[in-house]
Amino acid sequence: MRILVTGSSGFLGAPLCRALESDGHRLLQLNSRNCDLTKQASLEQFSGERYDLVYHLAAWTQAGDFCLKHPGEQWVINQQINTNLLAWWAERQPQARLVFMGTSCAYAPESDLSEDQYMDGEPIDSLYTYAMTKRMLYQGARALHRQYGLRYLCAVPSTLYGPGYHTDGRQMHFIFDLIRKIVRGKELGEPVVLWGDGHQRREIVFIDDFVRALLALVEKADNDIVNIGAGEEHSIRAFASHICRIVSYPEKSIAYDTTRYVGATSKCLNVAKIRGLLPEYSPRPLEDGLRATIAWFYEAKAWQQ
Ligand SMILES: NC(=O)c1ccc[n+]([C@@H]2O[C@H](COP(=O)([O-])OP(=O)(O)OC[C@H]3O[C@@H](n4cnc5c(N)ncnc54)[C@H](OP(=O)(O)O)[C@@H]3O)[C@@H](O)[C@H]2O)c1
């Protein structure tokens, strides 16, 4: 197949492109340097080719308190990126299926995080703008499906982890931040201070498991929204305990700063739908995924940044 991927240089984009290429597909890989999607005409130069599939992964965001500090910019930039992509899809590539990423932050905290509730209620305040741009992307695809019959799939990931994360100093997703702090505690003797009281709960999905599940889902689901989660969550203290064991750092040396921003207290996607669609779906055990991620951390010297 001929496939266009936006966000191809990202943490998810890079392994997804590798997997698609090894499956024999012909790819056009876009990032902000070869196609700035905030510019309305940015995709025009690629209109000559007909694509069977468009994976739209590009988004302007980071982890930590980035969304809290940049809501205005995030609204404008992500709306531009998504609107330009949707308009080009409808006008120039209506034969292509569009596969794009949602976010678990779009769910209202009181929902049971099942797909039929993606647009219901209010996302948490600190991630409201980011969450709403993702909801708008979903609604845009649904609207184009309704009016023109365009085909789409919205995949909603929980937090992804594994080798190959960014090492450019940007704010890290919580699991990488935990690993970084604990490894620095071990290697440099720095104090390890984690945000919150450690009882907030999170789920994570190993990047390769996510890519495999996404590729399988594309074969099974159409004009639909599907969560891709681990199906189980753990407290920050439990994650820290695993990491301490793997790197041989004393867990009791960890301090908790309850004055820092922690986001939602619990976030675990409902995975009934994906289990129905992909009965073989089974994310790897946490310990295995953490070991692989920590090995990469040392290899890439990611803890030194
Ligand atoms: N990682 C997660 O845990 C997670 C969880 C839930 C949802 N998601 C969603 O999954 C998708 C991929 O996530 P990720 O972790 O791979 O993100 P990422 O590592 O931050 O990558 C973002 C990608 O978007 C591109 N991009 C940013 N601004 C752009 C612009 N103006 N024009 C064109 N491209 C632009 C970046 O290109 P440059 O490299 O050139 O900047 C990069 O390729 C995103 O939509 C994200 O919201 C991710």
# chains A, B, ... in the order shown; residues from 1 in each chain; ligands from 1

$ closest_atom_pairs --of "region 216-290 of chain A" --to "region 108-130 of chain A" --cutoff "9 Å" --atoms "only C-alpha atoms" --output "JSON lines"
{"residue": "A:Ile225", "atom": "CA", "partner": "A:Glu115", "partner_atom": "CA", "distance": 6.3}
{"residue": "A:Val226", "atom": "CA", "partner": "A:Glu115", "partner_atom": "CA", "distance": 6.3}
{"residue": "A:Asn227", "atom": "CA", "partner": "A:Glu115", "partner_atom": "CA", "distance": 6.7}
{"residue": "A:Gly263", "atom": "CA", "partner": "A:Ser126", "partner_atom": "CA", "distance": 6.9}
{"residue": "A:Ala264", "atom": "CA", "partner": "A:Ile124", "partner_atom": "CA", "distance": 7.1}
{"residue": "A:Thr265", "atom": "CA", "partner": "A:Pro109", "partner_atom": "CA", "distance": 8.8}
{"residue": "A:Ser266", "atom": "CA", "partner": "A:Pro109", "partner_atom": "CA", "distance": 8.1}
{"residue": "A:Lys267", "atom": "CA", "partner": "A:Pro109", "partner_atom": "CA", "distance": 7.9}
{"residue": "A:Cys268", "atom": "CA", "partner": "A:Leu113", "partner_atom": "CA", "distance": 7.1}
{"residue": "A:Leu269", "atom": "CA", "partner": "A:Leu113", "partner_atom": "CA", "distance": 5.1}
{"residue": "A:Asn270", "atom": "CA", "partner": "A:Ser114", "partner_atom": "CA", "distance": 4.9}
{"residue": "A:Val271", "atom": "CA", "partner": "A:Ser114", "partner_atom": "CA", "distance": 7.5}
{"residue": "A:Ala272", "atom": "CA", "partner": "A:Ser114", "partner_atom": "CA", "distance": 8.1}
{"residue": "A:Lys273", "atom": "CA", "partner": "A:Glu115", "partner_atom": "CA", "distance": 8.2}

$ write_last_selection --atoms "C-alpha atoms" --output "CSV table (one decimal), in the first residue's frame"
chain,number,residue,atom,x,y,z
A,225,ILE,CA,-13.0,4.7,17.9
A,226,VAL,CA,-11.0,2.2,19.9
A,227,ASN,CA,-9.0,2.4,23.1
A,263,GLY,CA,-2.9,15.6,36.8
A,264,ALA,CA,-5.7,13.0,37.1
A,265,THR,CA,-5.6,10.7,40.1
A,266,SER,CA,-6.5,7.7,38.1
A,267,LYS,CA,-6.6,6.9,34.3
A,268,CYS,CA,-7.2,3.4,33.0
A,269,LEU,CA,-8.8,2.9,29.6
A,270,ASN,CA,-11.7,0.5,29.2
A,271,VAL,CA,-10.3,-2.2,26.9
A,272,ALA,CA,-13.4,-4.3,26.4
A,273,LYS,CA,-13.7,-3.2,22.8

$ residues_near_ligand --ligand "ligand 1" --cutoff "9 Å" --atoms "only C-alpha atoms and all ligand atoms" --output "PyMOL selection string"
chain A and resi 6-14+30-39+42+56-63+77-78+80-81+100-105+130+134+155-161+165-166+173+204-205+207

$ write_last_selection --atoms "N, CA and C atoms" --output "short mmCIF file (atom, residue, chain, number, x, y, z; two decimals), in the first residue's frame"
data_model
loop_
_atom_site.label_atom_id
_atom_site.label_comp_id
_atom_site.auth_asym_id
_atom_site.auth_seq_id
_atom_site.Cartn_x
_atom_site.Cartn_y
_atom_site.Cartn_z
N THR A 6 1.99 11.33 9.08
CA THR A 6 2.40 12.59 9.71
C THR A 6 2.93 12.26 11.10
N GLY A 7 3.85 13.08 11.60
CA GLY A 7 4.42 12.80 12.93
C GLY A 7 5.36 11.61 12.89
N SER A 8 5.97 11.37 11.70
CA SER A 8 6.79 10.16 11.51
C SER A 8 8.07 10.19 12.33
N SER A 9 8.50 11.37 12.78
CA SER A 9 9.74 11.46 13.56
C SER A 9 9.48 11.31 15.06
N GLY A 10 8.23 11.14 15.44
CA GLY A 10 7.88 11.11 16.87
C GLY A 10 8.18 9.77 17.52
N PHE A 11 7.94 9.73 18.82
CA PHE A 11 8.18 8.51 19.60
C PHE A 11 7.36 7.34 19.03
N LEU A 12 6.13 7.61 18.65
CA LEU A 12 5.29 6.57 18.04
C LEU A 12 5.55 6.45 16.54
N GLY A 13 5.73 7.61 15.88
CA GLY A 13 5.87 7.61 14.43
C GLY A 13 7.05 6.76 13.95
N ALA A 14 8.19 6.87 14.63
CA ALA A 14 9.39 6.16 14.16
C ALA A 14 9.18 4.63 14.15
N LEU A 30 6.30 12.31 7.03
CA LEU A 30 6.29 13.77 7.21
C LEU A 30 6.54 14.15 8.67
N ASN A 31 7.24 15.26 8.84
CA ASN A 31 7.43 15.84 10.18
C ASN A 31 7.39 17.35 10.04
N SER A 32 7.72 18.07 11.09
CA SER A 32 7.55 19.54 11.01
C SER A 32 8.58 20.19 10.10
N ARG A 33 9.66 19.46 9.80
CA ARG A 33 10.69 20.07 8.95
C ARG A 33 10.39 19.93 7.46
N ASN A 34 9.83 18.79 7.06
CA ASN A 34 9.54 18.67 5.62
C ASN A 34 8.08 19.00 5.28
N CYS A 35 7.25 19.25 6.30
CA CYS A 35 5.85 19.63 6.03
C CYS A 35 5.25 20.22 7.30
N ASP A 36 5.34 21.54 7.43
CA ASP A 36 4.79 22.20 8.62
C ASP A 36 3.27 22.29 8.46
N LEU A 37 2.57 21.43 9.17
CA LEU A 37 1.13 21.31 8.98
C LEU A 37 0.34 22.50 9.52
N THR A 38 1.01 23.43 10.19
CA THR A 38 0.27 24.63 10.60
C THR A 38 0.02 25.54 9.39
N LYS A 39 0.75 25.28 8.30
CA LYS A 39 0.58 26.09 7.08
C LYS A 39 -0.48 25.43 6.20
N SER A 42 0.52 23.31 3.15
CA SER A 42 1.71 22.44 3.34
C SER A 42 1.59 21.08 2.66
N HIS A 56 -2.28 9.83 10.80
CA HIS A 56 -2.06 11.21 11.26
C HIS A 56 -1.68 11.19 12.74
N LEU A 57 -0.37 11.33 12.99
CA LEU A 57 0.14 11.27 14.37
C LEU A 57 0.62 12.64 14.85
N ALA A 58 0.81 13.58 13.92
CA ALA A 58 1.41 14.87 14.30
C ALA A 58 0.55 15.58 15.34
N ALA A 59 1.19 16.11 16.36
CA ALA A 59 0.51 16.91 17.37
C ALA A 59 1.58 17.74 18.06
N TRP A 60 1.17 18.89 18.55
CA TRP A 60 2.11 19.76 19.25
C TRP A 60 1.81 19.67 20.75
N THR A 61 2.59 18.85 21.42
CA THR A 61 2.37 18.69 22.85
C THR A 61 3.60 18.10 23.52
N GLN A 62 3.63 18.15 24.81
CA GLN A 62 4.66 17.48 25.62
C GLN A 62 3.98 17.00 26.90
N ALA A 63 4.76 16.28 27.70
CA ALA A 63 4.20 15.75 28.94
C ALA A 63 4.36 16.77 30.08
N ILE A 77 -2.33 25.89 17.39
CA ILE A 77 -1.43 25.04 16.59
C ILE A 77 -2.09 23.69 16.26
N ASN A 78 -2.66 23.05 17.26
CA ASN A 78 -3.24 21.73 16.98
C ASN A 78 -4.50 21.81 16.12
N GLN A 80 -4.90 24.09 13.81
CA GLN A 80 -4.38 24.31 12.45
C GLN A 80 -3.91 22.99 11.85
N ILE A 81 -3.09 22.27 12.61
CA ILE A 81 -2.56 20.98 12.11
C ILE A 81 -3.71 20.06 11.69
N PHE A 100 -6.00 8.09 13.03
CA PHE A 100 -5.42 9.17 13.84
C PHE A 100 -5.51 8.83 15.31
N MET A 101 -4.73 9.60 16.11
CA MET A 101 -4.60 9.32 17.53
C MET A 101 -5.49 10.24 18.36
N GLY A 102 -6.23 9.66 19.27
CA GLY A 102 -6.95 10.43 20.27
C GLY A 102 -6.09 10.50 21.52
N THR A 103 -6.73 10.78 22.64
CA THR A 103 -6.01 10.81 23.91
C THR A 103 -6.91 10.36 25.05
N SER A 104 -6.32 9.69 26.02
CA SER A 104 -7.11 9.27 27.18
C SER A 104 -7.54 10.50 27.99
N CYS A 105 -6.82 11.63 27.83
CA CYS A 105 -7.18 12.85 28.57
C CYS A 105 -8.52 13.41 28.12
N TYR A 130 -5.82 20.57 25.24
CA TYR A 130 -5.26 19.45 24.47
C TYR A 130 -6.36 18.41 24.21
N LYS A 134 -8.25 17.14 20.53
CA LYS A 134 -8.36 15.74 20.11
C LYS A 134 -9.84 15.37 19.86
N ALA A 155 -7.71 5.85 17.13
CA ALA A 155 -7.13 4.99 18.17
C ALA A 155 -6.82 5.86 19.38
N VAL A 156 -7.22 5.41 20.55
CA VAL A 156 -6.97 6.19 21.77
C VAL A 156 -5.94 5.47 22.62
N PRO A 157 -4.70 5.97 22.63
CA PRO A 157 -3.65 5.29 23.40
C PRO A 157 -3.64 5.74 24.86
N SER A 158 -3.25 4.84 25.74
CA SER A 158 -2.86 5.33 27.07
C SER A 158 -1.38 5.72 26.94
N THR A 159 -0.73 6.07 28.02
CA THR A 159 0.66 6.52 27.92
C THR A 159 1.54 5.41 27.36
N LEU A 160 2.35 5.77 26.36
CA LEU A 160 3.24 4.80 25.71
C LEU A 160 4.62 4.87 26.34
N TYR A 161 5.28 3.72 26.43
CA TYR A 161 6.64 3.72 26.97
C TYR A 161 7.46 2.66 26.24
N TYR A 165 12.55 6.85 23.16
CA TYR A 165 11.88 8.10 23.56
C TYR A 165 12.80 9.29 23.28
N HIS A 166 12.25 10.49 23.40
CA HIS A 166 13.04 11.70 23.12
C HIS A 166 14.17 11.88 24.14
N HIS A 173 7.17 12.05 29.64
CA HIS A 173 5.99 11.38 30.21
C HIS A 173 6.41 10.75 31.55
N ILE A 204 0.28 2.08 31.43
CA ILE A 204 1.22 2.34 30.34
C ILE A 204 1.19 1.17 29.37
N VAL A 205 1.44 1.47 28.11
CA VAL A 205 1.47 0.42 27.08
C VAL A 205 2.82 0.47 26.39
N ILE A 207 5.53 0.39 23.65
CA ILE A 207 5.41 0.97 22.31
C ILE A 207 5.24 -0.09 21.22
#

$ atom_distance --atom1 "CA of Leu86 (chain A)" --atom2 "CA of Ala213 (chain A)"
24.1 Å

$ residues_around --residues "Tyr55 (chain A)" --least-positions-apart "4" --cutoff "12 Å" --atoms "only C-alpha atoms" --output "JSON, numbers by chain"
{"A": [2, 3, 4, 5, 6, 7, 8, 12, 13, 16, 17, 20, 27, 28, 29, 30, 51, 85, 86, 89, 96, 97, 98, 99, 100, 101, 152, 153, 154, 155, 211, 214, 215, 218]}

$ residues_around --residues "Ile294 (chain A)" --least-positions-apart "2" --cutoff "9 Å" --atoms "only C-alpha atoms" --output "ChimeraX atom specification"
/A:162-163,176,179-180,183,243,246-247,289-292,296-299

$ write_last_selection --atoms "all heavy atoms" --output "compact mmCIF listing (two decimals), in the first residue's frame"
# COMPACT_ATOMS: atom_id res chain seq x y z
N GLY A 162 8.78 2.77 26.39
CA GLY A 162 9.66 1.81 25.74
C GLY A 162 10.89 2.52 25.19
O GLY A 162 11.05 3.72 25.37
N PRO A 163 11.76 1.77 24.53
CA PRO A 163 12.97 2.36 23.94
C PRO A 163 12.63 3.38 22.87
O PRO A 163 11.58 3.29 22.24
CB PRO A 163 13.68 1.15 23.32
CG PRO A 163 13.12 -0.03 24.03
CD PRO A 163 11.72 0.31 24.38
N PHE A 176 9.01 7.84 32.09
CA PHE A 176 10.40 8.14 31.74
C PHE A 176 11.01 9.06 32.81
O PHE A 176 12.18 8.94 33.14
CB PHE A 176 10.48 8.82 30.37
CG PHE A 176 9.99 7.94 29.26
CD1 PHE A 176 8.69 8.05 28.77
CD2 PHE A 176 10.82 6.96 28.71
CE1 PHE A 176 8.25 7.23 27.76
CE2 PHE A 176 10.37 6.13 27.70
CZ PHE A 176 9.08 6.26 27.22
N ILE A 179 11.92 6.89 35.75
CA ILE A 179 13.15 6.12 35.49
C ILE A 179 14.35 7.05 35.58
O ILE A 179 15.37 6.74 36.22
CB ILE A 179 13.09 5.43 34.10
CG1 ILE A 179 11.98 4.38 34.08
CG2 ILE A 179 14.44 4.81 33.74
CD1 ILE A 179 11.71 3.76 32.71
N ARG A 180 14.23 8.22 34.94
CA ARG A 180 15.35 9.17 34.90
C ARG A 180 15.76 9.56 36.33
O ARG A 180 16.94 9.52 36.69
CB ARG A 180 14.93 10.39 34.10
CG ARG A 180 15.98 11.47 34.02
CD ARG A 180 15.50 12.62 33.13
NE ARG A 180 16.41 13.73 33.24
CZ ARG A 180 16.36 14.64 34.20
NH1 ARG A 180 15.42 14.57 35.13
NH2 ARG A 180 17.25 15.60 34.23
N VAL A 183 17.31 6.49 38.21
CA VAL A 183 18.64 6.14 37.69
C VAL A 183 19.66 7.22 38.09
O VAL A 183 20.79 6.91 38.48
CB VAL A 183 18.61 5.93 36.15
CG1 VAL A 183 20.02 5.78 35.60
CG2 VAL A 183 17.78 4.70 35.81
N ILE A 243 11.01 -0.11 39.39
CA ILE A 243 12.23 0.50 38.82
C ILE A 243 13.39 0.37 39.82
O ILE A 243 14.52 0.03 39.46
CB ILE A 243 11.98 1.98 38.44
CG1 ILE A 243 10.87 2.06 37.37
CG2 ILE A 243 13.26 2.65 37.93
CD1 ILE A 243 10.27 3.44 37.19
N ILE A 246 14.80 -3.04 39.70
CA ILE A 246 15.58 -3.32 38.48
C ILE A 246 16.95 -2.63 38.52
O ILE A 246 17.95 -3.21 38.11
CB ILE A 246 14.78 -2.90 37.22
CG1 ILE A 246 13.54 -3.77 37.07
CG2 ILE A 246 15.64 -3.00 35.95
CD1 ILE A 246 12.52 -3.29 36.05
N VAL A 247 16.99 -1.38 39.03
CA VAL A 247 18.29 -0.67 39.00
C VAL A 247 19.04 -0.77 40.33
O VAL A 247 20.09 -0.15 40.49
CB VAL A 247 18.13 0.83 38.59
CG1 VAL A 247 17.37 0.97 37.29
CG2 VAL A 247 17.48 1.65 39.68
N GLY A 289 8.63 -4.86 30.15
CA GLY A 289 8.66 -3.58 29.45
C GLY A 289 9.57 -2.59 30.15
O GLY A 289 10.34 -1.85 29.50
N LEU A 290 9.54 -2.58 31.47
CA LEU A 290 10.39 -1.65 32.23
C LEU A 290 11.86 -2.02 32.06
O LEU A 290 12.71 -1.14 31.90
CB LEU A 290 10.01 -1.65 33.71
CG LEU A 290 8.71 -0.90 34.04
CD1 LEU A 290 8.37 -1.05 35.52
CD2 LEU A 290 8.80 0.58 33.68
N ARG A 291 12.15 -3.30 32.08
CA ARG A 291 13.56 -3.73 31.90
C ARG A 291 14.09 -3.27 30.54
O ARG A 291 15.20 -2.73 30.43
CB ARG A 291 13.70 -5.26 32.01
CG ARG A 291 13.71 -5.74 33.42
CD ARG A 291 14.08 -7.21 33.55
NE ARG A 291 13.88 -7.61 34.93
CZ ARG A 291 14.73 -7.36 35.94
NH1 ARG A 291 15.85 -6.72 35.68
NH2 ARG A 291 14.45 -7.72 37.17
N ALA A 292 13.28 -3.44 29.49
CA ALA A 292 13.71 -3.04 28.14
C ALA A 292 13.89 -1.51 28.08
O ALA A 292 14.84 -1.00 27.47
CB ALA A 292 12.69 -3.49 27.10
N TRP A 296 17.44 0.62 27.52
CA TRP A 296 17.59 1.67 26.50
C TRP A 296 18.05 2.98 27.14
O TRP A 296 18.87 3.71 26.59
CB TRP A 296 16.26 1.87 25.75
CG TRP A 296 16.30 3.11 24.91
CD1 TRP A 296 16.86 3.24 23.68
CD2 TRP A 296 15.81 4.41 25.28
NE1 TRP A 296 16.74 4.55 23.25
CE2 TRP A 296 16.10 5.28 24.21
CE3 TRP A 296 15.14 4.92 26.40
CZ2 TRP A 296 15.76 6.63 24.22
CZ3 TRP A 296 14.80 6.26 26.42
CH2 TRP A 296 15.11 7.09 25.35
N PHE A 297 17.52 3.28 28.33
CA PHE A 297 17.88 4.52 29.04
C PHE A 297 19.39 4.61 29.23
O PHE A 297 19.99 5.64 29.04
CB PHE A 297 17.20 4.54 30.41
CG PHE A 297 16.33 5.73 30.60
CD1 PHE A 297 15.05 5.77 30.05
CD2 PHE A 297 16.77 6.84 31.32
CE1 PHE A 297 14.24 6.87 30.21
CE2 PHE A 297 15.96 7.93 31.48
CZ PHE A 297 14.70 7.95 30.94
N TYR A 298 19.96 3.48 29.63
CA TYR A 298 21.42 3.44 29.83
C TYR A 298 22.15 3.54 28.49
O TYR A 298 23.09 4.31 28.35
CB TYR A 298 21.82 2.16 30.57
CG TYR A 298 21.71 2.31 32.08
CD1 TYR A 298 20.62 1.81 32.78
CD2 TYR A 298 22.71 2.97 32.80
CE1 TYR A 298 20.52 1.94 34.16
CE2 TYR A 298 22.62 3.12 34.19
CZ TYR A 298 21.53 2.61 34.85
OH TYR A 298 21.44 2.75 36.21
N GLU A 299 21.66 2.76 27.52
CA GLU A 299 22.30 2.73 26.20
C GLU A 299 22.30 4.13 25.56
O GLU A 299 23.32 4.57 25.03
CB GLU A 299 21.45 1.80 25.34
CG GLU A 299 22.15 0.99 24.30
CD GLU A 299 21.09 0.10 23.67
OE1 GLU A 299 20.82 -0.97 24.27
OE2 GLU A 299 20.52 0.47 22.63

$ select_by_dssp --residues "region 35-93 of chain A" --states "helix (DSSP H, G or I)" --output "list in words"
Glu44, Gln45, Phe46, Phe66, Cys67, Leu68, Lys69, Pro71, Gly72, Glu73, Gln74, Trp75, Val76, Ile77, Asn78, Gln79, Gln80, Ile81, Asn82, Thr83, Asn84, Leu85, Leu86, Ala87, Trp88, Trp89, Ala90, Glu91 and Arg92 of chain A

$ atom_distance --atom1 "CA of Leu53 (chain A)" --atom2 "CA of Met1 (chain A)"
7.6 Å

$ closest_residue --among "A:Ile254, A:Ile175, A:Ala216, A:Ala238" --to "Gly189 (chain A)" --atoms "only C-alpha atoms"
A:Ile254

$ atom_distance --atom1 "CA of Pro283 (chain A)" --atom2 "CA of Leu217 (chain A)"
14.3 Å

$ closest_residue --among "A:Ala41, A:Ala90, A:Ala131, A:Leu278" --to "His145 (chain A)" --atoms "only C-alpha atoms"
A:Ala90
